[in-house]
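Have a look at final-v1.csv; it's CSV, C-alpha atoms:
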chain,number,residue,atom,x,y,z
A,1,MET,CA,-36.8,59.3,7.0
A,2,LYS,CA,-38.6,59.3,10.3
A,3,PRO,CA,-41.6,61.7,10.5
A,4,LEU,CA,-41.1,65.0,12.4
A,5,THR,CA,-42.2,64.5,16.0
A,6,SER,CA,-41.8,66.4,19.3
A,7,GLN,CA,-38.9,65.9,21.5
A,8,LYS,CA,-41.3,65.1,24.4
A,9,PRO,CA,-43.6,62.1,24.5
A,10,ARG,CA,-47.3,62.5,23.8
A,11,VAL,CA,-50.3,61.2,25.6
A,12,LEU,CA,-53.7,60.8,23.9
A,13,VAL,CA,-56.6,60.3,26.2
A,14,MET,CA,-59.8,58.7,24.9
A,15,VAL,CA,-63.1,59.9,26.3
A,16,GLY,CA,-66.7,58.7,25.6
A,17,LEU,CA,-69.5,56.5,26.6
A,18,PRO,CA,-69.3,52.8,25.7
A,19,ALA,CA,-70.2,51.8,22.1
A,20,ARG,CA,-68.9,55.1,20.7
A,21,GLY,CA,-65.9,53.7,19.0
A,22,LYS,CA,-63.2,54.7,21.4
A,23,THR,CA,-61.2,51.5,21.2
A,24,PHE,CA,-61.6,51.3,17.5
A,25,ILE,CA,-60.3,54.9,17.1
A,26,ALA,CA,-57.4,54.3,19.7
A,27,ARG,CA,-56.2,51.2,17.8
A,28,LYS,CA,-56.5,53.0,14.4
A,29,VAL,CA,-54.4,55.9,15.7
A,30,ALA,CA,-51.8,53.6,17.2
A,31,ARG,CA,-51.6,51.5,14.0
A,32,TYR,CA,-51.2,54.6,11.8
A,33,LEU,CA,-48.5,56.1,14.0
A,34,THR,CA,-46.6,52.8,14.1
A,35,TRP,CA,-46.9,52.5,10.4
A,36,LEU,CA,-45.3,55.9,10.0
A,37,GLY,CA,-42.4,54.9,12.3
A,38,ILE,CA,-43.6,56.5,15.5
A,39,SER,CA,-43.5,54.3,18.6
A,40,ALA,CA,-47.1,54.1,19.8
A,41,ARG,CA,-49.1,51.9,22.1
A,42,VAL,CA,-52.6,51.6,23.5
A,43,PHE,CA,-53.2,51.2,27.2
A,44,ASN,CA,-56.8,49.9,27.5
A,45,VAL,CA,-58.2,50.1,31.0
A,46,GLY,CA,-60.8,47.5,30.1
A,47,ASN,CA,-58.0,44.9,29.4
A,48,TYR,CA,-56.6,45.6,32.9
A,49,ARG,CA,-60.0,45.0,34.4
A,50,ARG,CA,-60.5,41.8,32.5
A,51,GLU,CA,-57.1,40.5,33.4
A,52,HIS,CA,-57.2,41.3,37.1
A,53,LEU,CA,-60.9,41.2,38.0
A,54,GLY,CA,-62.3,38.9,35.4
A,55,SER,CA,-64.3,39.7,32.2
A,56,ARG,CA,-67.7,38.6,33.4
A,57,GLN,CA,-68.6,41.7,35.5
A,58,PRO,CA,-72.4,42.5,35.6
A,59,ALA,CA,-73.7,45.9,34.6
A,60,ALA,CA,-74.1,46.8,38.3
A,61,PHE,CA,-70.3,46.7,38.6
A,62,PHE,CA,-70.3,49.9,36.6
A,63,ASP,CA,-73.0,51.7,38.6
A,64,PRO,CA,-71.5,55.0,39.9
A,65,ASP,CA,-73.2,54.4,43.2
A,66,ASN,CA,-71.4,51.0,43.6
A,67,ALA,CA,-68.5,52.0,45.9
A,68,ASP,CA,-66.7,48.7,45.6
A,69,GLY,CA,-67.0,48.7,41.8
A,70,LEU,CA,-65.9,52.3,41.6
A,71,ALA,CA,-62.8,51.6,43.8
A,72,ALA,CA,-61.9,48.5,41.8
A,73,ARG,CA,-62.2,50.4,38.5
A,74,HIS,CA,-60.1,53.3,39.8
A,75,GLN,CA,-57.4,50.8,40.8
A,76,MET,CA,-57.3,49.4,37.3
A,77,ALA,CA,-57.2,52.9,35.8
A,78,MET,CA,-54.2,53.8,37.9
A,79,ALA,CA,-52.4,50.5,37.1
A,80,ALA,CA,-52.8,51.3,33.4
A,81,LEU,CA,-51.7,54.9,33.9
A,82,ASP,CA,-48.5,53.7,35.8
A,83,ASP,CA,-47.6,51.3,33.1
A,84,MET,CA,-48.2,53.9,30.5
A,85,PHE,CA,-45.7,56.3,32.1
A,86,ALA,CA,-43.2,53.6,32.6
A,87,TRP,CA,-43.4,52.7,28.9
A,88,LEU,CA,-42.9,56.4,27.9
A,89,GLN,CA,-40.0,56.7,30.2
A,90,GLY,CA,-38.5,53.6,28.5
A,91,GLY,CA,-38.5,55.4,25.1
A,92,GLY,CA,-42.2,55.2,23.9
A,93,GLU,CA,-43.3,58.2,21.9
A,94,VAL,CA,-47.1,58.3,21.8
A,95,ALA,CA,-49.2,56.6,24.5
A,96,ILE,CA,-53.0,56.2,24.0
A,97,TYR,CA,-54.9,55.9,27.3
A,98,ASP,CA,-58.1,54.1,26.3
A,99,ALA,CA,-60.9,54.4,28.9
A,100,THR,CA,-64.3,56.1,29.3
A,101,ASN,CA,-62.7,58.9,31.3
A,102,ALA,CA,-66.4,60.0,31.6
A,103,VAL,CA,-66.1,62.5,34.5
A,104,LYS,CA,-64.1,65.6,34.8
A,105,LYS,CA,-62.6,64.4,38.1
A,106,ARG,CA,-61.0,61.5,36.3
A,107,ARG,CA,-59.7,63.7,33.5
A,108,ASP,CA,-58.3,66.1,36.1
A,109,LEU,CA,-56.4,63.2,37.6
A,110,VAL,CA,-54.9,62.2,34.3
A,111,THR,CA,-54.1,65.7,33.4
A,112,ASP,CA,-52.3,66.4,36.7
A,113,ALA,CA,-50.3,63.1,36.3
A,114,CYS,CA,-49.2,64.0,32.8
A,115,ARG,CA,-48.4,67.6,33.5
A,116,GLY,CA,-46.4,66.5,36.5
A,117,ARG,CA,-44.1,64.7,34.0
A,118,GLY,CA,-44.0,67.6,31.6
A,119,ILE,CA,-46.6,66.2,29.2
A,120,GLU,CA,-49.6,68.1,27.9
A,121,PRO,CA,-52.2,65.4,27.1
A,122,ILE,CA,-54.6,65.6,24.2
A,123,PHE,CA,-58.1,64.4,24.9
A,124,ILE,CA,-60.1,62.7,22.1
A,125,GLU,CA,-63.8,62.5,22.8
A,126,SER,CA,-66.1,60.4,20.7
A,127,VAL,CA,-69.7,61.7,20.9
A,128,CYS,CA,-72.6,59.9,19.2
A,129,ASN,CA,-76.1,61.3,19.3
A,130,ASP,CA,-77.5,59.0,16.5
A,131,PRO,CA,-79.3,56.1,18.1
A,132,ASP,CA,-79.0,54.0,14.9
A,133,ILE,CA,-75.2,54.3,15.0
A,134,VAL,CA,-75.1,53.4,18.7
A,135,ALA,CA,-77.3,50.4,18.0
A,136,ARG,CA,-75.0,49.2,15.3
A,137,ASN,CA,-72.0,49.7,17.5
A,138,ILE,CA,-73.6,47.7,20.3
A,139,GLN,CA,-74.4,44.8,17.9
A,140,ALA,CA,-70.9,44.8,16.6
A,141,THR,CA,-69.3,45.1,20.1
A,142,LYS,CA,-71.3,42.3,21.8
A,143,LEU,CA,-70.2,39.9,19.1
A,144,THR,CA,-66.5,40.7,19.5
A,145,MET,CA,-66.0,42.2,22.9
A,146,PRO,CA,-64.1,39.8,25.3
A,147,ASP,CA,-66.6,40.6,28.1
A,148,TYR,CA,-69.3,38.8,26.2
A,149,ALA,CA,-67.5,35.8,24.7
A,150,GLY,CA,-69.9,32.8,24.8
A,151,VAL,CA,-72.8,34.9,26.1
A,152,ASP,CA,-76.2,34.8,24.5
A,153,PRO,CA,-76.4,37.7,22.1
A,154,ASP,CA,-79.7,39.1,23.4
A,155,GLN,CA,-78.5,38.9,26.9
A,156,ALA,CA,-75.2,40.5,26.0
A,157,VAL,CA,-77.1,43.5,24.4
A,158,ARG,CA,-79.3,43.9,27.4
A,159,ASP,CA,-76.4,43.9,29.8
A,160,PHE,CA,-74.3,46.2,27.7
A,161,ARG,CA,-77.2,48.7,27.4
A,162,ALA,CA,-77.5,48.6,31.2
A,163,ARG,CA,-73.8,49.3,31.5
A,164,ILE,CA,-74.1,52.3,29.1
A,165,ALA,CA,-77.0,53.7,31.2
A,166,HIS,CA,-74.9,53.7,34.3
A,167,TYR,CA,-72.2,55.7,32.6
A,168,GLU,CA,-74.8,58.1,31.1
A,169,ARG,CA,-75.9,59.0,34.6
A,170,SER,CA,-72.6,60.6,35.5
A,171,TYR,CA,-71.1,61.5,32.1
A,172,GLU,CA,-69.6,65.0,31.8
A,173,PRO,CA,-68.6,66.0,28.2
A,174,VAL,CA,-65.2,67.5,27.6
A,175,ASP,CA,-65.3,71.3,27.6
A,176,GLU,CA,-62.2,72.3,29.7
A,177,PRO,CA,-61.0,75.5,28.0
A,178,ASP,CA,-57.4,75.2,29.4
A,179,ARG,CA,-56.7,71.8,27.8
A,180,SER,CA,-56.1,70.3,24.3
A,181,TRP,CA,-58.9,68.3,23.0
A,182,VAL,CA,-60.6,67.0,19.9
A,183,LYS,CA,-64.3,66.2,19.9
A,184,LEU,CA,-65.5,63.8,17.2
A,185,VAL,CA,-69.3,64.1,16.8
A,186,ASP,CA,-71.4,61.3,15.1
A,187,THR,CA,-68.4,59.5,13.6
A,188,GLY,CA,-66.7,62.5,12.1
A,189,GLU,CA,-69.8,64.4,10.9
A,190,ARG,CA,-68.5,67.3,13.0
A,191,ILE,CA,-65.2,67.9,14.6
A,192,VAL,CA,-64.5,70.5,17.3
A,193,LEU,CA,-60.9,71.4,18.3
A,194,ASN,CA,-59.4,73.2,21.3
A,195,ARG,CA,-55.8,74.2,21.7
A,196,ILE,CA,-54.5,71.9,19.0
A,197,ARG,CA,-51.0,73.0,18.0
A,198,GLY,CA,-47.9,71.5,16.4
A,199,TYR,CA,-47.1,69.1,13.5
A,200,LEU,CA,-48.1,65.8,15.1
A,201,PRO,CA,-51.4,66.9,16.7
A,202,SER,CA,-52.4,68.6,13.4
A,203,ARG,CA,-51.6,65.5,11.4
A,204,LEU,CA,-53.6,63.3,13.9
A,205,VAL,CA,-56.6,65.6,13.5
A,206,PHE,CA,-56.5,65.2,9.7
A,207,PHE,CA,-56.3,61.4,10.2
A,208,LEU,CA,-59.2,61.5,12.7
A,209,SER,CA,-61.3,63.6,10.4
A,210,ASN,CA,-61.3,60.8,7.9
A,211,LEU,CA,-62.2,58.0,10.2
A,212,HIS,CA,-65.7,56.5,10.5
A,213,LEU,CA,-67.2,53.4,12.1
A,214,ASP,CA,-69.2,52.1,9.1
A,215,PRO,CA,-68.1,48.5,8.4
A,216,ARG,CA,-67.0,47.6,4.9
A,217,PRO,CA,-64.6,45.1,3.4
A,218,ILE,CA,-61.2,45.9,1.8
A,219,TYR,CA,-59.9,43.5,-0.8
A,220,LEU,CA,-56.2,43.3,-1.7
A,221,THR,CA,-54.8,41.4,-4.6
A,222,ARG,CA,-51.7,41.4,-6.8
A,223,HIS,CA,-52.1,41.7,-10.6
A,224,GLY,CA,-52.3,38.5,-12.5
A,225,GLU,CA,-49.1,36.8,-13.4
A,226,SER,CA,-47.0,39.0,-15.8
A,227,ALA,CA,-44.5,38.2,-18.5
A,228,PHE,CA,-41.8,39.3,-16.0
A,229,ASN,CA,-43.1,37.1,-13.3
A,230,VAL,CA,-42.6,34.1,-15.6
A,231,VAL,CA,-38.9,34.8,-16.0
A,232,GLY,CA,-38.2,36.2,-12.5
A,233,ARG,CA,-37.6,39.9,-13.5
A,234,ILE,CA,-38.5,42.8,-11.3
A,235,GLY,CA,-40.2,46.1,-12.2
A,236,GLY,CA,-40.9,47.1,-15.7
A,237,ASP,CA,-44.3,47.5,-17.3
A,238,PRO,CA,-45.0,44.0,-18.8
A,239,GLY,CA,-48.4,42.7,-19.7
A,240,LEU,CA,-50.1,39.6,-18.4
A,241,SER,CA,-49.1,36.1,-19.2
A,242,PRO,CA,-51.7,33.6,-20.4
A,243,ARG,CA,-52.0,32.4,-16.8
A,244,GLY,CA,-52.4,36.0,-15.6
A,245,LYS,CA,-55.2,36.5,-18.1
A,246,GLY,CA,-56.9,33.5,-16.7
A,247,TYR,CA,-56.7,35.0,-13.2
A,248,SER,CA,-58.2,38.2,-14.6
A,249,THR,CA,-61.2,36.4,-15.8
A,250,LYS,CA,-61.7,34.4,-12.5
A,251,LEU,CA,-61.1,37.5,-10.3
A,252,CYS,CA,-63.6,39.6,-12.1
A,253,ASP,CA,-66.2,36.9,-12.1
A,254,TRP,CA,-65.6,36.4,-8.4
A,255,LEU,CA,-65.8,40.1,-7.6
A,256,HIS,CA,-69.1,40.5,-9.6
A,257,THR,CA,-70.6,37.9,-7.2
A,258,GLU,CA,-68.9,39.0,-4.1
A,259,LEU,CA,-69.9,42.7,-4.5
A,260,ALA,CA,-73.4,42.1,-5.8
A,261,GLY,CA,-75.8,44.3,-3.9
A,262,HIS,CA,-73.1,46.8,-2.8
A,263,ASP,CA,-73.5,50.4,-4.0
A,264,ASP,CA,-70.6,52.1,-5.6
A,265,PRO,CA,-67.7,49.7,-4.8
A,266,GLN,CA,-64.3,51.3,-5.3
A,267,VAL,CA,-61.7,49.6,-7.5
A,268,TRP,CA,-58.2,51.0,-7.5
A,269,THR,CA,-55.2,49.9,-9.6
A,270,SER,CA,-51.7,51.2,-10.2
A,271,THR,CA,-51.0,53.0,-13.5
A,272,LEU,CA,-49.0,50.0,-14.8
A,273,GLN,CA,-50.6,47.9,-17.5
A,274,ARG,CA,-50.5,44.5,-15.6
A,275,THR,CA,-52.9,45.8,-12.9
A,276,ARG,CA,-55.2,47.6,-15.4
A,277,GLN,CA,-55.4,44.5,-17.6
A,278,THR,CA,-56.2,42.4,-14.5
A,279,VAL,CA,-59.5,44.3,-13.9
A,280,ALA,CA,-60.3,45.1,-17.6
A,281,PRO,CA,-63.3,42.7,-17.6
A,282,LEU,CA,-64.9,44.3,-14.5
A,283,ARG,CA,-68.2,46.1,-14.9
A,284,PHE,CA,-67.3,48.5,-12.2
A,285,GLU,CA,-65.5,51.7,-12.7
A,286,THR,CA,-61.8,51.5,-12.0
A,287,LYS,CA,-59.4,54.2,-10.9
A,288,PRO,CA,-55.6,54.1,-11.6
A,289,LEU,CA,-53.5,55.7,-8.9
A,290,LYS,CA,-49.8,56.5,-9.4
A,291,ASN,CA,-49.2,56.1,-5.7
A,292,LEU,CA,-50.0,52.4,-6.1
A,293,ASP,CA,-47.2,51.8,-8.6
A,294,GLU,CA,-44.7,49.1,-7.7
A,295,ILE,CA,-41.5,50.0,-5.8
A,296,ASP,CA,-39.1,51.8,-8.2
A,297,ALA,CA,-36.1,49.4,-8.6
A,298,GLY,CA,-34.0,52.2,-10.2
A,299,ILE,CA,-31.0,50.8,-12.1
A,300,CYS,CA,-32.1,47.3,-11.1
A,301,ASP,CA,-35.4,47.6,-13.0
A,302,GLY,CA,-35.9,44.7,-15.4
A,303,LEU,CA,-33.2,42.5,-13.9
A,304,THR,CA,-33.5,39.2,-12.0
A,305,TYR,CA,-32.2,38.9,-8.5
A,306,ASP,CA,-29.4,36.7,-9.7
A,307,GLU,CA,-28.3,39.4,-12.1
A,308,ILE,CA,-28.4,42.0,-9.4
A,309,ALA,CA,-26.3,39.8,-7.1
A,310,ALA,CA,-23.7,39.3,-9.8
A,311,ARG,CA,-23.5,43.0,-10.9
A,312,TRP,CA,-23.8,44.7,-7.5
A,313,PRO,CA,-23.1,42.2,-4.7
A,314,ASP,CA,-22.8,44.9,-2.0
A,315,ASP,CA,-26.2,46.3,-2.9
A,316,TYR,CA,-27.7,42.8,-2.9
A,317,ALA,CA,-26.3,42.1,0.5
A,318,ALA,CA,-27.4,45.5,1.9
A,319,ARG,CA,-31.0,44.8,0.7
A,320,LYS,CA,-31.0,41.4,2.5
A,321,GLY,CA,-29.6,43.1,5.6
A,322,ASP,CA,-32.3,45.8,5.9
A,323,LYS,CA,-35.1,45.4,3.4
A,324,LEU,CA,-37.2,48.1,5.0
A,325,ARG,CA,-34.6,50.9,4.5
A,326,TYR,CA,-32.5,49.7,1.6
A,327,ARG,CA,-33.0,52.0,-1.4
A,328,TYR,CA,-32.4,50.8,-4.9
A,329,PRO,CA,-29.8,53.1,-6.6
A,330,ARG,CA,-31.9,55.8,-8.3
A,331,GLY,CA,-35.0,54.1,-7.0
A,332,GLU,CA,-37.0,53.6,-3.8
A,333,SER,CA,-36.9,51.8,-0.5
A,334,TYR,CA,-39.9,50.3,1.3
A,335,GLN,CA,-39.8,53.3,3.6
A,336,ASP,CA,-40.2,55.5,0.5
A,337,VAL,CA,-43.2,53.4,-0.6
A,338,ILE,CA,-44.8,53.8,2.9
A,339,ASP,CA,-44.4,57.6,2.6
A,340,ARG,CA,-46.1,57.8,-0.8
A,341,LEU,CA,-48.9,55.5,0.4
A,342,ASP,CA,-49.9,57.9,3.2
A,343,GLY,CA,-52.5,59.6,1.0
A,344,VAL,CA,-53.9,56.2,-0.1
A,345,ILE,CA,-54.3,55.2,3.6
A,346,ILE,CA,-56.3,58.4,4.3
A,347,GLU,CA,-58.5,57.7,1.3
A,348,LEU,CA,-59.0,54.1,2.3
A,349,GLU,CA,-60.1,55.2,5.8
A,350,ARG,CA,-62.5,57.8,4.3
A,351,GLN,CA,-64.3,55.3,2.1
A,352,ARG,CA,-67.7,53.9,3.3
A,353,HIS,CA,-68.1,51.4,0.5
A,354,PRO,CA,-66.1,48.2,-0.3
A,355,VAL,CA,-62.6,48.9,-1.8
A,356,VAL,CA,-60.7,46.6,-4.1
A,357,VAL,CA,-57.0,47.4,-4.4
A,358,VAL,CA,-55.2,45.6,-7.3
A,359,ALA,CA,-51.5,46.5,-7.1
A,360,HIS,CA,-48.0,45.0,-6.6
A,361,GLN,CA,-46.2,42.9,-4.1
A,362,ALA,CA,-44.2,45.7,-2.3
A,363,VAL,CA,-47.2,48.1,-2.2
A,364,LEU,CA,-49.6,45.5,-0.9
A,365,ARG,CA,-47.1,44.4,1.7
A,366,CYS,CA,-47.1,48.0,3.1
A,367,LEU,CA,-50.9,48.3,2.9
A,368,TYR,CA,-51.5,44.9,4.5
A,369,ALA,CA,-49.0,45.8,7.3
A,370,TYR,CA,-51.0,48.9,8.1
A,371,LEU,CA,-54.4,47.3,7.9
A,372,THR,CA,-53.5,44.4,10.1
A,373,GLY,CA,-51.1,46.2,12.5
A,374,GLN,CA,-47.9,44.4,11.5
A,375,PRO,CA,-44.5,45.7,12.7
A,376,ARG,CA,-42.9,47.9,10.0
A,377,GLU,CA,-39.8,45.7,9.9
A,378,LYS,CA,-42.0,42.7,9.1
A,379,GLY,CA,-43.8,44.4,6.3
A,380,PRO,CA,-41.2,43.8,3.5
A,381,HIS,CA,-41.2,40.0,4.3
A,382,LEU,CA,-45.0,39.4,4.3
A,383,GLN,CA,-46.4,36.8,1.9
A,384,MET,CA,-48.4,38.3,-0.9
A,385,PRO,CA,-48.9,35.3,-3.3
A,386,LEU,CA,-50.1,35.8,-6.8
A,387,HIS,CA,-53.7,34.9,-7.7
A,388,THR,CA,-55.0,35.3,-4.2
A,389,VAL,CA,-57.6,37.8,-2.9
A,390,ILE,CA,-57.2,38.9,0.8
A,391,ARG,CA,-60.5,40.1,2.3
A,392,LEU,CA,-60.1,42.2,5.4
A,393,GLN,CA,-62.9,43.4,7.7
A,394,GLN,CA,-61.8,45.7,10.5
A,395,GLY,CA,-63.4,45.8,14.0
A,396,ALA,CA,-62.7,47.3,17.4
A,397,TYR,CA,-61.0,44.2,18.7
A,398,GLY,CA,-59.2,42.9,15.6
A,399,VAL,CA,-59.3,42.2,11.9
A,400,ASP,CA,-61.1,39.4,10.2
A,401,GLU,CA,-59.1,38.0,7.3
A,402,VAL,CA,-60.1,35.6,4.6
A,403,ARG,CA,-57.8,34.5,1.7
A,404,VAL,CA,-59.3,33.2,-1.5
A,405,THR,CA,-57.1,31.5,-4.1
A,406,LEU,CA,-58.3,31.9,-7.7
A,407,ASP,CA,-55.5,30.3,-9.7
A,408,GLY,CA,-55.6,31.1,-13.4
Would it be possible to restate this file's structure as structure tokens?
Amino acid sequence: MKPLTSQKPRVLVMVGLPARGKTFIARKVARYLTWLGISARVFNVGNYRREHLGSRQPAAFFDPDNADGLAARHQMAMAALDDMFAWLQGGGEVAIYDATNAVKKRRDLVTDACRGRGIEPIFIESVCNDPDIVARNIQATKLTMPDYAGVDPDQAVRDFRARIAHYERSYEPVDEPDRSWVKLVDTGERIVLNRIRGYLPSRLVFFLSNLHLDPRPIYLTRHGESAFNVVGRIGGDPGLSPRGKGYSTKLCDWLHTELAGHDDPQVWTSTLQRTRQTVAPLRFETKPLKNLDEIDAGICDGLTYDEIAARWPDDYAARKGDKLRYRYPRGESYQDVIDRLDGVIIELERQRHPVVVVAHQAVLRCLYAYLTGQPREKGPHLQMPLHTVIRLQQGAYGVDEVRVTLDG
């Protein structure tokens, strides 16, 4: 079932100085909404600038006293705004306008353009007063930002700090009393709201309140091979096969090395014995979560796919036709799994330490689709091989992925 949304499209407007995590937050929100089944898209003004004006613009280009630079940046902002409204008119539901929007005059322009189309925008301002956090964000940004590809790191940092200084000269914080806005202070340490009403805005605020910018890896892996895997049966609560026990040993040895030096790594499993057996040798504390249990196959539980095709050919064909929405009789669909994983996603975002998730194929497909921004329809078809660890590290401009095979 699709989440409850407004009949009217929504516009979220990012606000903040560079290196405050705006693009990271914008992409996170778009990814979360898309995962929930809401059509969402980010319109990043910086991408328009890079595409039309080139990525190697010096810091002086961003000087508020540079009339030519100001005119060029305004032109790119308007181009992104026009494309955003065209996308919404074509059926888009939530557009995220990602730019500094650092002065009230620019926010007035965006507000008037939205209200002229019957849309009340919500501004999301990211404020950071902690110099250590800003420094970490600059270091992370200059390594991944397209503007500084191939540039000496020290030179990139100096240029980026000069760019920030230009924006600081004219920056005007959000405080307009007649508008809807959310102010995130120091990566979620404090949140200020103004005129936030309705289901979707309230749900977004809850999501935003759990976001932070601290980098940490997330590890996804299926349980070791089970007795059912050996014979091709689905569901059930079987234990590990001998090969699966071999994977358990190798995985735990690998994690002890991989996570050495990390404080309080989180290890989550389902409540089914094949996941708990997989991490039994770990020296870390593990936490079983019911929401990580495998998709409920209903009356098909314990059968092979050939047996399902023979007994219920119509169901078998329906599942092949729409794997995302097909629900096993008396069981679940992938859509149902996504719904029950919503709380797990929030908890994943909240964590500031490495997280290891040991679960099942359908569950990990859904989590991986969210973490990497895959289309919902693609999720049920993603490859989640046995005895493989997927290491994901999220950043503002993408996700770094490493797959490690530890065959038992």
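Taking only C-alpha atoms into account, A:Ala59 lies nearest to A:Val157 out of the set A:Ile308, A:Val185, A:Val157, A:Val363.
For the set A:His387, A:Arg216, A:Arg403, A:Lys104, the residue with the smallest atom-to-atom gap to A:Thr249 is A:His387, counting all atoms listed in the file.
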| message | Taking 2 positions as the minimum chain separation for residues in the same chain, which residues sit within 9 Å of stretch 258-273 of chain A when counting only C-alpha atoms? Answer as a PyMOL selection string. | response | chain A and resi 223+236-240+253-256+275-279+284-294+351+353-360
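Nearest to A:His52 of all the residues A:Arg243, A:Arg106, A:Arg73, A:Arg163 is A:Arg73, counting all atoms listed in the file.
We find atom CA of A:Phe61 and atom CA of A:Phe85 to be spaced 27.2 Å apart.
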| Spatial neighbours of stretch 37-40 of chain A, max dist 6 Å, all atoms listed in the file, sep filter under 3 positions, as a list in words | Ala30, Leu33, Thr34, Gly92, Glu93, Val94 and Ala95 of chain A
Could those residues be written to a file, using C-alpha atoms, as a PDB file, in the frame of the given file?
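This is the output file out.pdb:
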ATOM      1  CA  ALA A  30     -51.800  53.600  17.200  1.00  0.00           C
ATOM      2  CA  LEU A  33     -48.500  56.100  14.000  1.00  0.00           C
ATOM      3  CA  THR A  34     -46.600  52.800  14.100  1.00  0.00           C
ATOM      4  CA  GLY A  92     -42.200  55.200  23.900  1.00  0.00           C
ATOM      5  CA  GLU A  93     -43.300  58.200  21.900  1.00  0.00           C
ATOM      6  CA  VAL A  94     -47.100  58.300  21.800  1.00  0.00           C
ATOM      7  CA  ALA A  95     -49.200  56.600  24.500  1.00  0.00           C
TER       8      ALA A  95
END
| query | With all atoms listed in the file as the atoms that count, which of A:Gly246, A:Arg365, A:Leu12, A:Asp339 lies nearest to A:Ile119? | reply | A:Leu12
| request: Figure out the distance between atom CA of A:Asn210 and atom CA of A:Val110, please, to one decimal in Å. | output: 27.2 Å
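Comparing the minimum interatomic distances between A:Ala227 and each of A:Asp214, A:Tyr199, A:Val399, A:Arg274, counting only C-alpha atoms, we find that A:Arg274 sits nearest.
Proximity to A:Asn229 at 10 Å, evaluated using only C-alpha atoms and with sequence-adjacent residues fewer than 6 positions away removed, yields Gly235, Pro238, Leu240, Ser241, Gly244, Thr304 and Leu386 of chain A.
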Could the residues in this selection be saved with C-alpha atoms as a PDB file, in the coordinates of the input?
ATOM      1  CA  GLY A 235     -40.200  46.100 -12.200  1.00  0.00           C
ATOM      2  CA  PRO A 238     -45.000  44.000 -18.800  1.00  0.00           C
ATOM      3  CA  LEU A 240     -50.100  39.600 -18.400  1.00  0.00           C
ATOM      4  CA  SER A 241     -49.100  36.100 -19.200  1.00  0.00           C
ATOM      5  CA  GLY A 244     -52.400  36.000 -15.600  1.00  0.00           C
ATOM      6  CA  THR A 304     -33.500  39.200 -12.000  1.00  0.00           C
ATOM      7  CA  LEU A 386     -50.100  35.800  -6.800  1.00  0.00           C
TER       8      LEU A 386
END
| Non-local contacts of A:Ala26 (7 Å; all atoms listed in the file; under 2 positions in same chain excluded) as a PyMOL selection string | chain A and resi 22-24+28-30+42+96+98
| field | Nearest to A:Gly16 by atom-to-atom distance, counting all atoms listed in the file, from A:Asp154, A:Asp400, A:Glu172, A:Glu225 | value | A:Glu172
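Here atom CA of A:Leu251 stands at a distance of 15.1 Å from atom CA of A:Val402.
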If we count only C-alpha atoms, what is near A:Arg330 at a cut-off of 9 Å, once residues fewer than 2 positions away on the same chain are taken out, given as a short mmCIF file (atom, residue, chain, number, x, y, z; two decimals) with C-alpha atoms, in the coordinates of the input?
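What follows is the written file selection-v3.cif:
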data_model
loop_
_atom_site.label_atom_id
_atom_site.label_comp_id
_atom_site.auth_asym_id
_atom_site.auth_seq_id
_atom_site.Cartn_x
_atom_site.Cartn_y
_atom_site.Cartn_z
CA ASP A 296 -39.10 51.80 -8.20
CA ALA A 297 -36.10 49.40 -8.60
CA GLY A 298 -34.00 52.20 -10.20
CA ILE A 299 -31.00 50.80 -12.10
CA CYS A 300 -32.10 47.30 -11.10
CA ARG A 327 -33.00 52.00 -1.40
CA TYR A 328 -32.40 50.80 -4.90
CA GLU A 332 -37.00 53.60 -3.80
#
Please write as a short mmCIF file (atom, residue, chain, number, x, y, z; two decimals) with C-alpha atoms, in the frame of the given file the list of polymer residues whose atoms come within 12 Å of (-47.2, 48.4, 4.5), counting all atoms listed in the file and keeping to the coordinates of the file.
data_model
loop_
_atom_site.label_atom_id
_atom_site.label_comp_id
_atom_site.auth_asym_id
_atom_site.auth_seq_id
_atom_site.Cartn_x
_atom_site.Cartn_y
_atom_site.Cartn_z
CA ARG A 31 -51.60 51.50 14.00
CA TYR A 32 -51.20 54.60 11.80
CA THR A 34 -46.60 52.80 14.10
CA TRP A 35 -46.90 52.50 10.40
CA LEU A 36 -45.30 55.90 10.00
CA GLY A 37 -42.40 54.90 12.30
CA LEU A 292 -50.00 52.40 -6.10
CA ILE A 295 -41.50 50.00 -5.80
CA LEU A 324 -37.20 48.10 5.00
CA SER A 333 -36.90 51.80 -0.50
CA TYR A 334 -39.90 50.30 1.30
CA GLN A 335 -39.80 53.30 3.60
CA ASP A 336 -40.20 55.50 0.50
CA VAL A 337 -43.20 53.40 -0.60
CA ILE A 338 -44.80 53.80 2.90
CA ASP A 339 -44.40 57.60 2.60
CA ARG A 340 -46.10 57.80 -0.80
CA LEU A 341 -48.90 55.50 0.40
CA ASP A 342 -49.90 57.90 3.20
CA VAL A 344 -53.90 56.20 -0.10
CA ILE A 345 -54.30 55.20 3.60
CA HIS A 360 -48.00 45.00 -6.60
CA GLN A 361 -46.20 42.90 -4.10
CA ALA A 362 -44.20 45.70 -2.30
CA VAL A 363 -47.20 48.10 -2.20
CA LEU A 364 -49.60 45.50 -0.90
CA ARG A 365 -47.10 44.40 1.70
CA CYS A 366 -47.10 48.00 3.10
CA LEU A 367 -50.90 48.30 2.90
CA TYR A 368 -51.50 44.90 4.50
CA ALA A 369 -49.00 45.80 7.30
CA TYR A 370 -51.00 48.90 8.10
CA LEU A 371 -54.40 47.30 7.90
CA THR A 372 -53.50 44.40 10.10
CA GLY A 373 -51.10 46.20 12.50
CA GLN A 374 -47.90 44.40 11.50
CA PRO A 375 -44.50 45.70 12.70
CA ARG A 376 -42.90 47.90 10.00
CA GLU A 377 -39.80 45.70 9.90
CA LYS A 378 -42.00 42.70 9.10
CA GLY A 379 -43.80 44.40 6.30
CA PRO A 380 -41.20 43.80 3.50
CA HIS A 381 -41.20 40.00 4.30
CA LEU A 382 -45.00 39.40 4.30
CA GLN A 383 -46.40 36.80 1.90
CA MET A 384 -48.40 38.30 -0.90
#
